[in-house]
>>> print(open('protein_10.txt').read())   # compact mmCIF, C-alpha atoms (C1' of nucleotides)
# COMPACT_ATOMS: atom_id res chain seq x y z
CA MET A 1 0.00 0.00 0.00
CA ASN A 2 1.13 3.54 -0.69
CA TYR A 3 0.99 5.09 2.75
CA THR A 4 1.66 8.64 1.56
CA ASP A 5 -1.38 8.40 -0.66
CA PHE A 6 -3.46 7.17 2.24
CA SER A 7 -2.80 10.14 4.53
CA LYS A 8 -3.05 12.54 1.59
CA ASN A 9 -6.56 11.31 0.84
CA VAL A 10 -7.48 11.58 4.50
CA LEU A 11 -6.20 15.15 4.81
CA ASN A 12 -7.83 16.30 1.57
CA TRP A 13 -11.14 14.90 2.73
CA TYR A 14 -10.73 16.68 6.08
CA SER A 15 -10.18 20.12 4.65
CA ALA A 16 -13.51 19.88 2.84
CA ASN A 17 -15.61 17.82 5.26
CA LYS A 18 -14.42 18.25 8.83
CA ARG A 19 -16.98 18.64 11.60
CA ASP A 20 -17.40 22.08 13.08
CA LEU A 21 -16.61 21.41 16.74
CA PRO A 22 -16.12 24.04 19.45
CA TRP A 23 -12.63 22.82 20.40
CA ARG A 24 -11.39 23.10 16.83
CA CYS A 25 -10.00 26.52 15.98
CA LYS A 26 -9.72 27.84 12.44
CA ASN A 27 -6.35 29.43 13.00
CA ASN A 28 -3.52 27.16 14.12
CA SER A 29 -1.88 30.00 16.00
CA GLN A 30 -4.84 30.00 18.35
CA LYS A 31 -4.20 26.44 19.49
CA ASP A 32 -4.39 26.33 23.26
CA PRO A 33 -3.20 23.12 24.96
CA TYR A 34 -5.49 23.88 27.89
CA LYS A 35 -8.60 23.81 25.69
CA ILE A 36 -7.42 20.74 23.81
CA TRP A 37 -6.77 18.97 27.12
CA VAL A 38 -10.22 19.85 28.52
CA SER A 39 -11.89 18.54 25.37
CA GLU A 40 -9.89 15.31 25.35
CA ILE A 41 -10.68 14.57 29.00
CA MET A 42 -14.38 15.19 28.44
CA LEU A 43 -14.38 13.03 25.32
CA GLN A 44 -12.97 9.97 27.09
CA GLN A 45 -15.64 7.29 26.56
CA THR A 46 -18.18 10.04 25.92
CA THR A 47 -19.83 10.96 22.64
CA VAL A 48 -19.16 14.25 20.89
CA ALA A 49 -22.81 15.36 21.01
CA THR A 50 -22.95 14.86 24.77
CA VAL A 51 -19.71 16.74 25.37
CA ILE A 52 -20.40 19.90 23.32
CA PRO A 53 -22.68 21.76 25.80
CA TYR A 54 -20.54 20.78 28.77
CA TYR A 55 -17.39 21.92 26.98
CA LYS A 56 -18.81 25.34 26.14
CA LYS A 57 -20.02 25.95 29.68
CA PHE A 58 -16.75 24.70 31.16
CA LEU A 59 -14.67 27.17 29.15
CA GLU A 60 -16.97 30.02 30.06
CA LYS A 61 -16.56 29.18 33.71
CA TRP A 62 -12.86 28.27 33.66
CA PRO A 63 -11.30 29.83 30.52
CA ASN A 64 -7.71 29.06 31.49
CA ILE A 65 -5.58 26.90 33.76
CA GLU A 66 -5.19 29.70 36.27
CA LYS A 67 -8.94 30.04 36.85
CA LEU A 68 -9.40 26.30 37.09
CA SER A 69 -6.57 25.90 39.57
CA LYS A 70 -8.22 28.43 41.85
CA SER A 71 -11.58 26.66 41.82
CA ASN A 72 -12.83 24.27 44.47
CA VAL A 73 -12.80 20.59 43.54
CA ASN A 74 -16.44 20.26 44.58
CA GLU A 75 -17.40 22.96 42.08
CA VAL A 76 -15.81 20.92 39.31
CA LEU A 77 -17.43 17.70 40.52
CA ASP A 78 -20.86 19.32 40.64
CA PHE A 79 -20.30 20.79 37.18
CA TRP A 80 -19.61 17.25 35.93
CA SER A 81 -23.10 16.14 37.01
CA GLY A 82 -24.60 13.91 34.33
CA LEU A 83 -21.40 13.44 32.34
CA GLY A 84 -20.21 10.31 34.15
CA TYR A 85 -16.78 8.93 35.05
CA TYR A 86 -16.50 11.50 37.79
CA ARG A 87 -12.85 10.73 38.52
CA ARG A 88 -12.17 12.79 35.39
CA ALA A 89 -13.41 15.91 37.14
CA LYS A 90 -11.23 15.28 40.16
CA ASN A 91 -8.19 14.68 37.98
CA LEU A 92 -8.88 17.77 35.89
CA HIS A 93 -8.87 19.90 39.00
CA LEU A 94 -5.84 18.15 40.47
CA THR A 95 -3.89 18.53 37.23
CA SER A 96 -4.63 22.24 37.06
CA LYS A 97 -3.06 22.57 40.51
CA ILE A 98 -0.02 20.56 39.42
CA ILE A 99 0.51 22.68 36.30
CA SER A 100 0.05 25.85 38.27
CA ASN A 101 2.47 24.83 41.01
CA GLN A 102 5.07 22.71 39.20
CA PHE A 103 5.00 24.00 35.64
CA ASN A 104 4.53 27.70 36.26
CA GLY A 105 1.08 27.52 34.68
CA ILE A 106 2.45 26.38 31.30
CA PHE A 107 0.86 23.17 30.01
CA PRO A 108 3.62 20.52 29.65
CA LEU A 109 3.71 18.91 26.21
CA GLU A 110 6.85 16.78 26.54
CA LYS A 111 5.91 13.11 26.36
CA ASN A 112 7.52 12.10 29.65
CA GLU A 113 5.80 14.94 31.49
CA ILE A 114 2.32 14.95 29.97
CA ILE A 115 1.90 11.20 30.50
CA LYS A 116 2.36 11.65 34.25
CA LEU A 117 -0.57 14.02 34.59
CA PRO A 118 -3.46 12.30 36.40
CA GLY A 119 -6.19 11.32 33.95
CA VAL A 120 -3.85 11.45 30.95
CA GLY A 121 -3.03 8.03 29.54
CA GLU A 122 -1.45 6.85 26.33
CA TYR A 123 -4.26 7.96 24.07
CA THR A 124 -4.83 11.39 25.59
CA ALA A 125 -1.12 12.21 25.75
CA ALA A 126 -0.68 11.32 22.09
CA ALA A 127 -3.82 13.18 21.01
CA ILE A 128 -2.90 16.41 22.81
CA ARG A 129 0.65 16.33 21.48
CA ALA A 130 -0.55 15.67 17.94
CA ILE A 131 -3.28 18.29 17.94
CA ALA A 132 -1.37 20.99 19.83
CA LYS A 133 2.05 20.53 18.21
CA ASP A 134 1.64 18.15 15.27
CA GLU A 135 3.87 15.64 17.00
CA LYS A 136 3.94 12.31 15.17
CA ASP A 137 2.59 10.19 18.04
CA THR A 138 0.34 7.38 16.89
CA VAL A 139 -3.16 8.11 18.12
CA VAL A 140 -5.70 5.30 18.41
CA ASP A 141 -9.19 5.89 19.78
CA ALA A 142 -12.36 3.84 19.37
CA ASN A 143 -13.07 5.38 15.95
CA ILE A 144 -9.57 4.82 14.64
CA GLU A 145 -9.54 1.27 15.99
CA ARG A 146 -12.55 0.45 13.85
CA VAL A 147 -11.14 2.16 10.75
CA ILE A 148 -7.80 0.38 11.07
CA ALA A 149 -9.45 -2.99 11.74
CA ARG A 150 -11.41 -2.59 8.51
CA ILE A 151 -8.62 -1.19 6.36
CA PHE A 152 -6.38 -4.15 7.24
CA TYR A 153 -9.18 -6.72 7.62
CA LEU A 154 -8.29 -7.69 11.17
CA LYS A 155 -10.72 -10.44 12.10
CA LYS A 156 -10.28 -10.79 15.84
CA PRO A 157 -12.20 -8.72 18.43
CA ILE A 158 -10.54 -5.34 18.94
CA LYS A 159 -9.84 -5.98 22.62
CA GLN A 160 -7.57 -8.86 21.63
CA ILE A 161 -5.53 -7.03 18.99
CA LYS A 162 -4.82 -3.59 20.44
CA LYS A 163 -1.12 -3.96 19.73
CA GLU A 164 -1.64 -5.06 16.16
CA ILE A 165 -4.01 -2.16 15.53
CA LYS A 166 -1.52 0.33 16.89
CA GLN A 167 1.31 -1.10 14.79
CA ASN A 168 -0.80 -0.79 11.66
CA ALA A 169 -1.93 2.70 12.57
CA GLU A 170 1.70 3.67 13.05
CA LYS A 171 2.54 2.70 9.48
CA LEU A 172 -0.05 5.15 8.20
CA THR A 173 0.93 8.13 10.37
CA PRO A 174 2.04 11.03 8.13
CA LYS A 175 5.21 13.05 8.67
CA LEU A 176 3.29 16.33 8.54
CA SER A 177 -0.09 17.51 9.83
CA ASN A 178 -0.59 14.59 12.18
CA GLY A 179 -3.02 16.66 14.26
CA ASP A 180 -5.38 17.18 11.36
CA TYR A 181 -4.79 13.63 10.23
CA ILE A 182 -5.93 11.97 13.45
CA GLN A 183 -8.92 14.27 13.79
CA ALA A 184 -9.78 13.42 10.20
CA LEU A 185 -9.61 9.69 10.90
CA MET A 186 -11.88 10.19 13.90
CA ASP A 187 -14.35 12.11 11.77
CA ILE A 188 -14.26 9.42 9.11
CA GLY A 189 -14.85 6.79 11.79
CA SER A 190 -17.71 8.73 13.27
CA LEU A 191 -19.43 9.92 10.09
CA ILE A 192 -18.61 7.28 7.46
CA CYS A 193 -16.93 4.17 8.84
CA THR A 194 -19.71 3.66 11.39
CA PRO A 195 -20.09 0.49 13.46
CA LYS A 196 -23.16 -0.57 11.47
CA ASP A 197 -23.66 -0.13 7.73
CA PRO A 198 -20.78 2.22 6.94
CA THR A 199 -21.33 4.47 3.93
CA CYS A 200 -18.32 3.35 1.96
CA ASP A 201 -19.41 5.33 -1.10
CA ASN A 202 -18.44 8.49 0.75
CA CYS A 203 -15.17 7.16 2.09
CA PRO A 204 -11.94 8.82 0.92
CA ILE A 205 -9.93 5.69 1.76
CA GLU A 206 -12.25 3.05 0.38
CA LYS A 207 -9.70 1.94 -2.19
CA PHE A 208 -7.30 0.99 0.61
CA CYS A 209 -9.87 -1.02 2.53
CA ILE A 210 -9.42 -4.79 2.43
CA THR A 211 -12.65 -5.36 4.37
CA LYS A 212 -14.60 -3.46 1.71
CA LYS A 213 -12.94 -5.53 -1.02
CA LYS A 214 -14.03 -8.65 0.82
CA ASN A 215 -17.53 -7.23 1.20
CA ALA A 216 -17.41 -7.84 4.96
CA VAL A 217 -17.91 -4.41 6.49
CA ASN A 218 -20.55 -5.62 8.95
CA GLU A 219 -18.36 -8.46 10.15
CA ILE A 220 -15.34 -6.33 11.06
CA PRO A 221 -14.66 -5.52 13.81
CA LYS A 222 -15.91 -8.70 15.39
CA LYS A 223 -18.32 -8.15 18.23
CA ILE A 224 -18.07 -9.77 21.62
CA ILE A 225 -21.25 -11.01 23.23
CA LYS A 226 -21.64 -9.32 26.56
CA ASN A 227 -22.98 -10.95 29.69
CA ASP A 228 -26.07 -9.55 31.34
CA LYS A 229 -25.36 -7.07 34.07
CA PRO A 230 -25.96 -8.28 37.63
CA VAL A 231 -28.63 -6.49 39.65
CA ARG A 232 -27.79 -5.06 43.05
CA GLU A 233 -30.38 -3.74 45.48
CA GLY A 234 -29.96 -1.01 48.05
CA ILE A 235 -31.77 1.67 49.98
CA VAL A 236 -31.79 5.45 49.81
CA TYR A 237 -33.03 7.81 52.51
CA TRP A 238 -35.14 10.89 51.91
CA ILE A 239 -34.57 12.59 55.27
CA LYS A 240 -36.53 15.75 55.96
CA ASN A 241 -36.05 18.06 58.94
CA LYS A 242 -38.66 20.24 60.56
CA ASN A 243 -37.68 23.10 58.25
CA ASN A 244 -38.66 20.98 55.26
CA GLN A 245 -35.04 20.57 54.16
CA ILE A 246 -33.56 17.36 52.79
CA LEU A 247 -30.27 15.73 53.83
CA LEU A 248 -27.51 15.34 51.25
CA LYS A 249 -23.94 14.18 51.79
CA ARG A 250 -20.80 13.70 49.75
CA ARG A 251 -19.67 10.20 48.88
CA GLU A 252 -16.24 8.77 49.69
CA GLU A 253 -13.30 10.03 47.67
CA ASN A 254 -12.74 6.69 45.97
CA GLY A 255 -14.87 4.08 44.27
CA LEU A 256 -18.20 4.71 42.63
CA LEU A 257 -19.38 8.31 42.09
CA PRO A 258 -16.39 9.58 44.08
CA GLY A 259 -16.99 12.83 45.94
CA MET A 260 -20.44 13.30 44.40
CA LEU A 261 -23.49 14.48 46.30
CA GLU A 262 -26.08 11.87 47.25
CA PHE A 263 -29.13 11.28 49.35
CA PRO A 264 -27.71 8.84 51.93
CA SER A 265 -27.73 5.43 50.26
CA TYR A 266 -26.46 2.05 51.40
CA ASN A 267 -26.06 -1.68 50.87
CA TRP A 268 -25.02 -1.56 47.18
CA SER A 269 -21.69 0.21 47.00
CA LYS A 270 -18.40 -1.00 48.41
CA ASN A 271 -17.77 2.32 50.10
CA LYS A 272 -17.00 1.85 53.75
CA ILE A 273 -19.56 2.80 56.38
CA ASN A 274 -18.21 5.63 58.53
CA GLU A 275 -19.48 6.93 61.86
CA ASN A 276 -21.83 9.42 60.25
CA ASP A 277 -23.31 6.68 58.08
CA LYS A 278 -23.92 4.56 61.19
CA LYS A 279 -25.87 7.43 62.71
CA ILE A 280 -28.02 7.73 59.62
CA LEU A 281 -28.61 3.97 59.48
CA SER A 282 -29.69 3.96 63.14
CA ILE A 283 -32.48 6.47 62.58
CA LYS A 284 -35.84 5.05 63.67
CA ASN A 285 -39.33 5.70 62.36
CA THR A 286 -38.49 5.33 58.71
CA LYS A 287 -41.32 4.84 56.27
CA LYS A 288 -40.85 2.70 53.19
CA LEU A 289 -42.12 4.49 50.12
CA GLU A 290 -43.68 2.40 47.37
CA LYS A 291 -41.40 3.97 44.80
CA LYS A 292 -38.19 2.39 43.63
CA VAL A 293 -35.47 3.64 41.33
CA MET A 294 -33.72 1.54 38.70
CA HIS A 295 -30.41 2.76 37.36
CA GLU A 296 -27.80 1.20 35.14
CA PHE A 297 -24.08 1.66 35.75
CA SER A 298 -21.34 0.49 33.44
CA HIS A 299 -21.07 -2.90 35.12
CA PHE A 300 -24.27 -3.51 37.15
CA LYS A 301 -27.88 -2.49 37.53
CA LEU A 302 -29.09 -0.94 40.74
CA LEU A 303 -32.55 -1.08 42.27
CA LEU A 304 -32.95 1.41 45.11
CA THR A 305 -35.89 1.42 47.52
CA ILE A 306 -36.71 4.84 48.92
CA TYR A 307 -37.22 5.28 52.66
CA GLU A 308 -38.67 8.47 54.04
CA ILE A 309 -37.97 10.12 57.39
CA ASN A 310 -40.03 13.15 58.34
CA LYS A 311 -39.46 15.83 60.95
CA PHE A 312 -36.01 14.54 61.76
CA ASN A 313 -34.79 16.77 64.57
CA LYS A 314 -31.34 15.61 65.62
CA ASN A 315 -28.42 17.78 64.57
CA SER A 316 -25.62 15.27 65.04
CA ILE A 317 -25.69 14.15 61.41
CA ASN A 318 -23.07 15.64 59.08
CA GLY A 319 -24.30 16.68 55.68
CA MET A 320 -26.02 19.44 53.79
CA TRP A 321 -29.62 20.32 54.54
CA VAL A 322 -31.09 21.67 51.32
CA GLY A 323 -34.50 23.12 50.55
CA ILE A 324 -36.50 21.00 48.12
CA ASP A 325 -36.59 23.76 45.53
CA GLU A 326 -32.82 24.15 45.61
CA ILE A 327 -31.97 20.50 44.98
CA ASN A 328 -32.43 20.92 41.25
CA GLN A 329 -29.59 23.43 41.11
CA LEU A 330 -27.09 21.06 42.70
CA GLY A 331 -24.80 18.82 40.71
CA LEU A 332 -26.35 15.45 41.41
CA PRO A 333 -25.30 12.31 39.56
CA THR A 334 -28.08 10.92 37.38
CA LEU A 335 -28.94 8.15 39.83
CA MET A 336 -29.74 10.74 42.50
CA LYS A 337 -31.68 12.91 40.05
CA LYS A 338 -33.91 9.88 39.49
CA VAL A 339 -34.46 9.51 43.24
CA TYR A 340 -35.45 13.17 43.42
CA GLN A 341 -37.85 12.78 40.49
CA GLN A 342 -39.48 9.73 42.05
CA VAL A 343 -40.09 11.44 45.39
CA MET A 344 -41.49 14.53 43.68
CA GLU A 345 -44.04 12.39 41.81
CA ILE A 346 -45.55 11.03 45.00
C1' DA B 1 -4.49 -8.70 30.60
C1' DA B 2 -8.69 -7.89 33.03
C1' DC B 3 -11.60 -5.21 35.54
C1' DG B 4 -13.96 -1.04 37.80
C1' DC B 5 -15.53 3.10 36.43
C1' DG B 6 -21.42 6.41 33.97
C1' DG B 7 -24.30 8.09 31.19
C1' DG B 8 -26.53 9.25 27.08
C1' DG B 9 -27.23 8.91 21.90
C1' DT B 10 -29.01 6.03 18.42
C1' DC B 11 -31.08 2.79 15.95
C1' DG C 1 -33.89 -3.24 24.23
C1' DA C 2 -28.73 -3.57 22.47
C1' DC C 3 -24.78 -1.33 21.06
C1' DC C 4 -21.46 2.09 21.34
C1' DC C 5 -18.56 6.08 22.66
C1' DA C 6 -11.75 11.09 21.16
C1' DG C 7 -9.92 5.63 27.92
C1' DC C 8 -7.64 5.67 32.61
C1' DG C 9 -5.87 3.53 36.72
C1' DT C 10 -5.41 -0.47 39.41
C1' DT C 11 -4.55 -5.16 40.09
>>> encode(input="protein_10.txt", output="structure tokens")
Amino acid sequence: MNYTDFSKNVLNWYSANKRDLPWRCKNNSQKDPYKIWVSEIMLQQTTVATVIPYYKKFLEKWPNIEKLSKSNVNEVLDFWSGLGYYRRAKNLHLTSKIISNQFNGIFPLEKNEIIKLPGVGEYTAAAIRAIAKDEKDTVVDANIERVIARIFYLKKPIKQIKKEIKQNAEKLTPKLSNGDYIQALMDIGSLICTPKDPTCDNCPIEKFCITKKKNAVNEIPKKIIKNDKPVREGIVYWIKNKNNQILLKRREENGLLPGMLEFPSYNWSKNKINENDKKILSIKNTKKLEKKVMHEFSHFKLLLTIYEINKFNKNSINGMWVGIDEINQLGLPTLMKKVYQQVMEI
DNA sequence: AACGCGGGGTC
DNA sequence: GACCCAGCGTT
């Protein structure tokens, strides 16, 4: 295969067809590693359409590393509400502190430095370096994995051939304009070389594609049959004081939904029970509501039963007491938004 | 190498 | 419903 021709086709297609995305600037001199980094963190395992509104609001709120480093980590966590993988928010905040304190506020782009930043792994390091500086790092995301698997007709499930995919991707990496090139491949993967029924007629690299020649585009990449998710059951407390306020608390720093706000909830997460939790669990006169909440995490389903406590009047419980009307403005994870919705419907 | 880690878009 | 997404960190 003529690899120069391959990347040339990709880049020509990009200049005419690239998606208009808020983290892409028209003028290369405006490239800001901070903005590229924020976009790449948000886009980890998250679709472009979901990220766009969050990205715009994030940059309005924290337009540079300095502003972000002076924020409170809970602000960033609450902002992340609904986006998922909340450790990303913690790492984003932590990294802004590191860059502010150890790198004089200048975003480090050297490979050995960027890869050490919390939340930046092999993919993200390569992507930021390529997009910000046109470094020739080989970048492989979920889109590019699929494109490469099809171009080279790799028949095994992607999980099993990560190394082979990267080696093949490396052969195609151009000497110039690698930033545009990888973004182009991602656009091609997202718009044309889709998981189901790719529109090969529109593909600028169709002539290089062995899978297309073999007429097997819906067989590559090979899918893995997933097991059903187990169901866990737990309880969640809707605790109201005599001022009609509801009790919320922050979760443990590690594990599921780390540091996020929740209505006290137990028996389903591996988070340890601390003294404050024991106090909550010892509250008497709870009333079981008929309503339940079903929520799906990445690796299990959760069925929560809601218990209600009214006119709770002890003040030895640590947490936030919040008026019912103000709960909507907080940054709750989706699971807890569902609990709120259920109680409001009763 | 395998697993824990969310949530929403899309058909 | 099922599938998938600009992956990372830990074990």
>>> interface_residues(input="protein_10.txt", of="chain C", to="chain A", cutoff="9 Å", atoms="all atoms listed in the file", output="count of residues only")
6
>>> interface_residues(input="protein_10.txt", of="chain A", to="chain B", cutoff="12 Å", atoms="all atoms listed in the file", output="PDB file with C-alpha atoms, in the frame of the given file")
ATOM      1  CA  GLN A  44     -12.970   9.970  27.090  1.00  0.00           C
ATOM      2  CA  GLN A  45     -15.640   7.290  26.560  1.00  0.00           C
ATOM      3  CA  THR A  46     -18.180  10.040  25.920  1.00  0.00           C
ATOM      4  CA  THR A  47     -19.830  10.960  22.640  1.00  0.00           C
ATOM      5  CA  VAL A  48     -19.160  14.250  20.890  1.00  0.00           C
ATOM      6  CA  ALA A  49     -22.810  15.360  21.010  1.00  0.00           C
ATOM      7  CA  THR A  50     -22.950  14.860  24.770  1.00  0.00           C
ATOM      8  CA  VAL A  51     -19.710  16.740  25.370  1.00  0.00           C
ATOM      9  CA  TRP A  80     -19.610  17.250  35.930  1.00  0.00           C
ATOM     10  CA  SER A  81     -23.100  16.140  37.010  1.00  0.00           C
ATOM     11  CA  GLY A  82     -24.600  13.910  34.330  1.00  0.00           C
ATOM     12  CA  LEU A  83     -21.400  13.440  32.340  1.00  0.00           C
ATOM     13  CA  GLY A  84     -20.210  10.310  34.150  1.00  0.00           C
ATOM     14  CA  TYR A  85     -16.780   8.930  35.050  1.00  0.00           C
ATOM     15  CA  TYR A  86     -16.500  11.500  37.790  1.00  0.00           C
ATOM     16  CA  ARG A  87     -12.850  10.730  38.520  1.00  0.00           C
ATOM     17  CA  ARG A  88     -12.170  12.790  35.390  1.00  0.00           C
ATOM     18  CA  LYS A 159      -9.840  -5.980  22.620  1.00  0.00           C
ATOM     19  CA  GLN A 160      -7.570  -8.860  21.630  1.00  0.00           C
ATOM     20  CA  ILE A 161      -5.530  -7.030  18.990  1.00  0.00           C
ATOM     21  CA  LYS A 162      -4.820  -3.590  20.440  1.00  0.00           C
ATOM     22  CA  THR A 194     -19.710   3.660  11.390  1.00  0.00           C
ATOM     23  CA  PRO A 195     -20.090   0.490  13.460  1.00  0.00           C
ATOM     24  CA  LYS A 196     -23.160  -0.570  11.470  1.00  0.00           C
ATOM     25  CA  ASP A 197     -23.660  -0.130   7.730  1.00  0.00           C
ATOM     26  CA  ASN A 254     -12.740   6.690  45.970  1.00  0.00           C
ATOM     27  CA  GLY A 255     -14.870   4.080  44.270  1.00  0.00           C
ATOM     28  CA  LEU A 256     -18.200   4.710  42.630  1.00  0.00           C
ATOM     29  CA  LEU A 257     -19.380   8.310  42.090  1.00  0.00           C
ATOM     30  CA  PRO A 258     -16.390   9.580  44.080  1.00  0.00           C
ATOM     31  CA  LYS A 270     -18.400  -1.000  48.410  1.00  0.00           C
ATOM     32  CA  HIS A 295     -30.410   2.760  37.360  1.00  0.00           C
ATOM     33  CA  GLU A 296     -27.800   1.200  35.140  1.00  0.00           C
ATOM     34  CA  PHE A 297     -24.080   1.660  35.750  1.00  0.00           C
ATOM     35  CA  SER A 298     -21.340   0.490  33.440  1.00  0.00           C
ATOM     36  CA  HIS A 299     -21.070  -2.900  35.120  1.00  0.00           C
ATOM     37  CA  PHE A 300     -24.270  -3.510  37.150  1.00  0.00           C
ATOM     38  CA  LYS A 301     -27.880  -2.490  37.530  1.00  0.00           C
ATOM     39  CA  PRO A 333     -25.300  12.310  39.560  1.00  0.00           C
ATOM     40  CA  THR A 334     -28.080  10.920  37.380  1.00  0.00           C
ATOM     41  CA  LEU A 335     -28.940   8.150  39.830  1.00  0.00           C
TER      42      LEU A 335
END
>>> residues_around(input="protein_10.txt", residues="Asn218 (chain A)", least_positions_apart="4", cutoff="12 Å", atoms="all atoms listed in the file", output="list of chain:residue names")
A:Arg146, A:Ala149, A:Arg150, A:Tyr153, A:Lys155, A:Cys193, A:Thr194, A:Pro195, A:Lys196, A:Asp197, A:Pro198, A:Thr199, A:Cys200, A:Thr211, A:Lys212, A:Lys214, A:Lys222, A:Lys223
>>> atom_distance(input="protein_10.txt", atom1="CA of Ile99 (chain A)", atom2="CA of Lys31 (chain A)")
17.9 Å
>>> atom_distance(input="protein_10.txt", atom1="CA of Pro264 (chain A)", atom2="CA of Arg251 (chain A)")
8.7 Å
>>> atom_distance(input="protein_10.txt", atom1="CA of Gln245 (chain A)", atom2="CA of Glu233 (chain A)")
26.2 Å
>>> residues_around(input="protein_10.txt", residues="Pro22 (chain A)", least_positions_apart="4", cutoff="8 Å", atoms="all atoms listed in the file", output="list in words")
Ile52, Tyr55 and Lys56 of chain A
>>> write_last_selection(input="protein_10.txt", atoms="C-alpha atoms", output="mmCIF file, in the coordinates of the input")
data_model
loop_
_atom_site.group_PDB
_atom_site.id
_atom_site.type_symbol
_atom_site.label_atom_id
_atom_site.label_comp_id
_atom_site.auth_asym_id
_atom_site.auth_seq_id
_atom_site.Cartn_x
_atom_site.Cartn_y
_atom_site.Cartn_z
ATOM 1 C CA ILE A 52 -20.400 19.900 23.320
ATOM 2 C CA TYR A 55 -17.390 21.920 26.980
ATOM 3 C CA LYS A 56 -18.810 25.340 26.140
#
>>> residues_around(input="protein_10.txt", residues="Lys163 (chain A)", least_positions_apart="4", cutoff="12 Å", atoms="all atoms listed in the file", output="VMD selection string")
chain A and resid 138 140 145 148 to 149 154 158 to 159 167 to 170
>>> closest_residue(input="protein_10.txt", among="A:Trp13, A:Met336, A:Lys67, A:Asp180", to="Cys25 (chain A)", atoms="only C-alpha atoms")
A:Asp180
